[in-house]
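Participant: protein_9.cif is reproduced below (mmCIF, C-alpha atoms).
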```cif
data_input
loop_
_atom_site.label_atom_id
_atom_site.label_comp_id
_atom_site.auth_asym_id
_atom_site.auth_seq_id
_atom_site.Cartn_x
_atom_site.Cartn_y
_atom_site.Cartn_z
CA MET L 121 -96.61 36.40 -31.43
CA TYR L 122 -99.33 34.96 -29.24
CA GLY L 123 -97.61 31.96 -27.75
CA ILE L 124 -94.48 31.45 -25.75
CA PRO L 125 -91.43 31.53 -28.02
CA THR L 126 -89.73 28.17 -28.35
CA ILE L 127 -86.21 27.71 -27.03
CA GLU L 128 -85.02 27.79 -30.63
CA GLU L 129 -86.86 31.07 -31.38
CA PHE L 130 -85.64 32.74 -28.19
CA ASN L 131 -82.02 31.72 -28.75
CA ALA L 132 -82.08 32.58 -32.47
CA ALA L 133 -83.42 36.09 -31.84
CA ALA L 134 -81.13 38.97 -32.77
CA TRP L 135 -80.90 40.28 -29.18
CA LYS L 136 -78.15 37.79 -28.27
CA ALA L 137 -75.71 39.31 -30.77
CA SER L 138 -75.57 42.52 -28.69
CA TYR L 139 -73.71 40.74 -25.92
CA GLY L 140 -70.29 39.08 -25.81
CA PRO L 141 -69.46 35.52 -26.79
CA GLU L 142 -70.41 34.06 -23.40
CA VAL L 143 -74.01 35.20 -23.86
CA SER L 144 -74.06 34.49 -27.60
CA THR L 145 -73.05 30.87 -27.05
CA ALA L 146 -75.24 30.24 -24.00
CA LEU L 147 -78.39 28.17 -24.44
CA PHE L 148 -81.26 29.93 -22.68
CA PHE L 149 -84.09 27.64 -21.62
CA ALA L 150 -86.38 29.80 -19.45
CA VAL L 151 -87.11 33.37 -18.39
CA ASP L 152 -88.22 34.64 -15.01
CA THR L 153 -91.18 36.91 -14.28
CA LEU L 154 -89.16 39.93 -15.45
CA GLY L 155 -87.83 38.28 -18.59
CA TYR L 156 -84.34 37.62 -17.22
CA PRO L 157 -83.18 34.50 -19.06
CA PHE L 158 -81.83 31.34 -17.43
CA GLY L 159 -79.40 29.36 -19.50
CA ILE L 160 -76.51 26.97 -19.70
CA ALA L 161 -73.05 28.49 -20.12
CA ASN L 162 -69.71 26.88 -19.34
CA GLU L 163 -71.57 23.78 -18.14
CA ARG L 164 -73.35 25.77 -15.41
CA ILE L 165 -76.86 27.14 -14.98
CA VAL L 166 -76.71 30.93 -15.23
CA GLN L 167 -79.03 33.91 -15.27
CA LEU L 168 -78.40 36.90 -17.51
CA ASP L 169 -79.04 40.42 -16.29
CA PRO L 170 -80.02 41.78 -19.70
CA GLU L 171 -79.47 45.44 -18.80
CA THR L 172 -75.87 44.97 -17.60
CA GLY L 173 -74.88 41.87 -19.57
CA GLU L 174 -73.71 40.16 -16.38
CA MET L 175 -74.20 36.40 -16.18
CA ASN L 176 -74.63 35.12 -12.66
CA GLU L 177 -74.03 31.48 -11.88
CA ILE L 178 -77.07 29.93 -10.24
CA ALA L 179 -76.16 26.25 -9.95
CA ASP L 180 -73.99 23.42 -11.22
CA ASP L 181 -76.93 21.48 -12.64
CA PHE L 182 -80.72 21.46 -13.02
CA LEU L 183 -81.32 19.90 -9.62
CA GLY L 184 -79.33 22.71 -8.01
CA PHE L 185 -81.26 25.23 -10.12
CA PHE L 186 -84.63 23.88 -8.95
CA GLU L 187 -83.41 23.84 -5.34
CA ALA L 188 -82.26 27.48 -5.64
CA VAL L 189 -85.63 28.56 -7.04
CA HIS L 190 -87.42 26.67 -4.26
CA ARG L 191 -85.23 28.32 -1.59
CA ASP L 192 -85.73 31.89 -2.79
CA PRO L 193 -88.46 32.28 -5.43
CA ASP L 194 -88.89 36.01 -4.80
CA THR L 195 -85.29 36.90 -5.62
CA LEU L 196 -84.65 34.33 -8.31
CA ILE L 197 -87.87 34.42 -10.34
CA GLY L 198 -89.82 37.42 -8.99
CA ALA L 199 -92.61 35.27 -7.54
CA GLY L 200 -93.77 37.87 -5.02
CA LEU L 201 -94.03 40.61 -7.63
CA PHE L 202 -95.95 38.33 -9.96
CA GLN L 203 -98.29 37.27 -7.17
CA ALA L 204 -99.00 40.94 -6.32
CA TRP L 205 -99.62 41.64 -10.03
CA VAL L 206 -102.18 38.83 -10.27
CA GLU L 207 -103.82 39.68 -6.94
CA ALA L 208 -104.31 43.25 -8.23
CA GLY L 209 -106.38 41.76 -11.05
CA ARG L 210 -103.84 42.44 -13.77
CA MET L 211 -103.42 40.12 -16.71
CA ILE L 212 -100.31 38.89 -18.46
CA GLY L 213 -100.12 36.92 -21.70
CA ALA L 214 -98.19 33.67 -22.07
CA ASN L 215 -95.68 35.50 -24.30
CA GLU L 216 -95.31 38.42 -21.89
CA ARG L 217 -93.23 39.19 -18.84
CA LEU L 218 -93.30 42.11 -16.44
CA ALA L 219 -91.06 44.96 -17.51
CA PRO L 220 -90.13 48.02 -15.48
CA ASN L 221 -91.60 51.27 -16.80
CA LEU L 222 -88.09 52.70 -16.46
CA PRO L 223 -85.07 50.40 -16.84
CA PHE L 224 -83.59 49.17 -13.57
CA ILE L 225 -80.31 50.93 -14.35
CA THR L 226 -82.15 54.28 -14.17
CA ALA L 227 -84.63 53.72 -11.35
CA LYS L 228 -85.55 51.19 -8.71
CA ALA L 229 -88.95 49.68 -9.42
CA SER L 230 -90.68 48.08 -6.47
CA ALA L 231 -94.45 48.51 -6.70
CA ILE L 232 -96.61 46.82 -9.32
CA ASP L 233 -97.48 50.25 -10.75
CA ASP L 234 -93.80 50.53 -11.73
CA PHE L 235 -94.26 47.66 -14.23
CA HIS L 236 -96.18 46.77 -17.36
CA ALA L 237 -96.67 43.53 -19.30
CA GLU L 238 -94.54 43.31 -22.45
CA ASP L 239 -93.80 40.70 -25.09
CA MET L 240 -90.66 38.89 -23.93
CA LEU L 241 -88.86 38.99 -27.30
CA SER L 242 -89.61 42.71 -27.71
CA ARG L 243 -88.27 43.36 -24.22
CA ALA L 244 -85.19 41.23 -24.86
CA ALA L 245 -84.49 43.38 -27.94
CA PHE L 246 -84.99 46.60 -25.93
CA ASN L 247 -82.71 45.37 -23.13
CA ALA L 248 -80.05 44.42 -25.67
CA TYR L 249 -80.29 47.91 -27.21
CA LEU L 250 -80.04 49.45 -23.74
CA PHE L 251 -76.98 47.28 -23.02
CA GLU L 252 -75.34 48.39 -26.27
CA GLN L 253 -75.88 52.05 -25.36
CA THR L 254 -74.63 51.79 -21.76
CA SER L 255 -72.11 48.94 -21.56
CA ALA L 256 -69.06 51.20 -21.98
CA LEU L 257 -70.14 53.56 -19.19
CA PRO L 258 -68.53 53.38 -15.74
CA LYS L 259 -70.57 51.47 -13.13
CA ASP L 260 -71.39 54.66 -11.21
CA ALA L 261 -72.41 56.68 -14.28
CA ARG L 262 -75.78 58.39 -14.19
CA VAL L 263 -78.07 57.35 -17.03
CA ALA L 264 -80.92 59.43 -18.42
CA ILE L 265 -83.42 58.28 -21.00
CA LYS L 266 -84.30 60.71 -23.75
CA VAL L 267 -87.41 59.94 -25.76
CA VAL L 268 -87.10 61.16 -29.32
CA PRO L 269 -90.18 61.21 -31.59
#
```
Let me see whether you can do it: turn the structure in this file into structure tokens.

Facilitator:
Amino acid sequence: MYGIPTIEEFNAAAWKASYGPEVSTALFFAVDTLGYPFGIANERIVQLDPETGEMNEIADDFLGFFEAVHRDPDTLIGAGLFQAWVEAGRMIGANERLAPNLPFITAKASAIDDFHAEDMLSRAAFNAYLFEQTSALPKDARVAIKVVP
């Protein structure tokens, strides 16, 4: 895919089925710099942490959502990270978002070298797979990634 997926394409993608009914029935309308989706669930604006499956309420309505983004763009949409990425001369396609080289549940990424650009639907599928593999683990469990050829 070379363009940004439509709302219909993003919401129809198989990744949503990996999560519970709250995520499956949410309507996602945007993604942040890291591909974390914003959506509408239970008549509220929410953001999904795709690695943990947690949905965090952001606002009661779109005006509140825009105000929240304006108040704290670094935390809510990763504006500072994206700015550093661009200032370093790195490119990102319209269909891509920044993805940590190692999932956030295994390591804390903070520098731009800890990220790469990845197709947002491919990353959503990977995050859903990661969620499926780790969702039953205790919160303090240590997670290791094993690459198998």

Participant: Could you list the residues chosen by the PyMOL selection byres ((chain L and resi 140) around 12) in this structure as a PyMOL selection string?

Facilitator: chain L and resi 135-139+141-146+168+170+172-175+248+251-252+255

Participant: Keeping C-alpha atoms for every residue in the selection just given, could you write it to a file as an mmCIF file, keeping the file's coordinate frame?

Facilitator:
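Output (result_33.cif):
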```cif
data_model
loop_
_atom_site.group_PDB
_atom_site.id
_atom_site.type_symbol
_atom_site.label_atom_id
_atom_site.label_comp_id
_atom_site.auth_asym_id
_atom_site.auth_seq_id
_atom_site.Cartn_x
_atom_site.Cartn_y
_atom_site.Cartn_z
ATOM 1 C CA TRP L 135 -80.900 40.280 -29.180
ATOM 2 C CA LYS L 136 -78.150 37.790 -28.270
ATOM 3 C CA ALA L 137 -75.710 39.310 -30.770
ATOM 4 C CA SER L 138 -75.570 42.520 -28.690
ATOM 5 C CA TYR L 139 -73.710 40.740 -25.920
ATOM 6 C CA PRO L 141 -69.460 35.520 -26.790
ATOM 7 C CA GLU L 142 -70.410 34.060 -23.400
ATOM 8 C CA VAL L 143 -74.010 35.200 -23.860
ATOM 9 C CA SER L 144 -74.060 34.490 -27.600
ATOM 10 C CA THR L 145 -73.050 30.870 -27.050
ATOM 11 C CA ALA L 146 -75.240 30.240 -24.000
ATOM 12 C CA LEU L 168 -78.400 36.900 -17.510
ATOM 13 C CA PRO L 170 -80.020 41.780 -19.700
ATOM 14 C CA THR L 172 -75.870 44.970 -17.600
ATOM 15 C CA GLY L 173 -74.880 41.870 -19.570
ATOM 16 C CA GLU L 174 -73.710 40.160 -16.380
ATOM 17 C CA MET L 175 -74.200 36.400 -16.180
ATOM 18 C CA ALA L 248 -80.050 44.420 -25.670
ATOM 19 C CA PHE L 251 -76.980 47.280 -23.020
ATOM 20 C CA GLU L 252 -75.340 48.390 -26.270
ATOM 21 C CA SER L 255 -72.110 48.940 -21.560
#
```

Participant: Would you list the residues near (-80.4, 30.8, -7.4), meaning any protein, DNA or RNA residue with an atom at most 10 Å from that point in file coordinates, counting only C-alpha atoms, as a PyMOL selection string?

Facilitator: chain L and resi 165-167+176-179+184-193+195-197

Participant: The PyMOL selection byres ((chain L and resi 133) around 12) - which residues does that actually catch in the file I just gave you? List them as a list of chain:residue names.

Facilitator: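 Evaluating the PyMOL selection byres ((chain L and resi 133) around 12) on these coordinates yields L:Pro125, L:Thr126, L:Ile127, L:Glu128, L:Glu129, L:Phe130, L:Asn131, L:Ala132, L:Ala134, L:Trp135, L:Lys136, L:Ala137, L:Ser138, L:Ser144, L:Leu147, L:Phe148, L:Met240, L:Leu241, L:Ser242, L:Arg243, L:Ala244, L:Ala245, L:Ala248.
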
Participant: Using only the atoms of range 176-183 of chain L listed in the file, plus 6 Å on each side, state the axis-aligned box centre and edge lengths in Å rounded to one decimal, as lines of an AutoDock Vina configuration file.

Facilitator:
```
center_x = -77.7
center_y = 27.5
center_z = -11.3
size_x = 19.3
size_y = 27.2
size_z = 15.4
```

Participant: Do you know which residues the PyMOL selection byres ((chain L and resi 210-214) around 6) returns on this file, as a PDB file with C-alpha atoms, in the coordinates of the input?

Facilitator:
```
ATOM      1  CA  GLY L 123     -97.610  31.960 -27.750  1.00  0.00           C
ATOM      2  CA  ILE L 124     -94.480  31.450 -25.750  1.00  0.00           C
ATOM      3  CA  TRP L 205     -99.620  41.640 -10.030  1.00  0.00           C
ATOM      4  CA  VAL L 206    -102.180  38.830 -10.270  1.00  0.00           C
ATOM      5  CA  ALA L 208    -104.310  43.250  -8.230  1.00  0.00           C
ATOM      6  CA  GLY L 209    -106.380  41.760 -11.050  1.00  0.00           C
ATOM      7  CA  ASN L 215     -95.680  35.500 -24.300  1.00  0.00           C
ATOM      8  CA  GLU L 216     -95.310  38.420 -21.890  1.00  0.00           C
ATOM      9  CA  ALA L 237     -96.670  43.530 -19.300  1.00  0.00           C
TER      10      ALA L 237
END
```

Participant: L:Val268, L:Arg164, L:Glu171, L:Asp181: which is nearest Ile225 in chain L, counting all atoms listed in the file?

Facilitator: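 Smallest separation from Ile225 in chain L among the options: L:Glu171.
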
Participant: Would you mind reading off the distance between CA of Leu218 in chain L and CA of Glu238 in chain L, one decimal, in Å?

Facilitator: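 Going from CA of Leu218 in chain L over to CA of Glu238 in chain L, I get 6.3 Å.
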
Participant: Which distance in Å separates CA of Asp180 in chain L and CA of Phe158 in chain L, to one decimal?

Facilitator: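 Atom-to-atom, CA of Asp180 in chain L and CA of Phe158 in chain L are spaced 12.8 Å apart.
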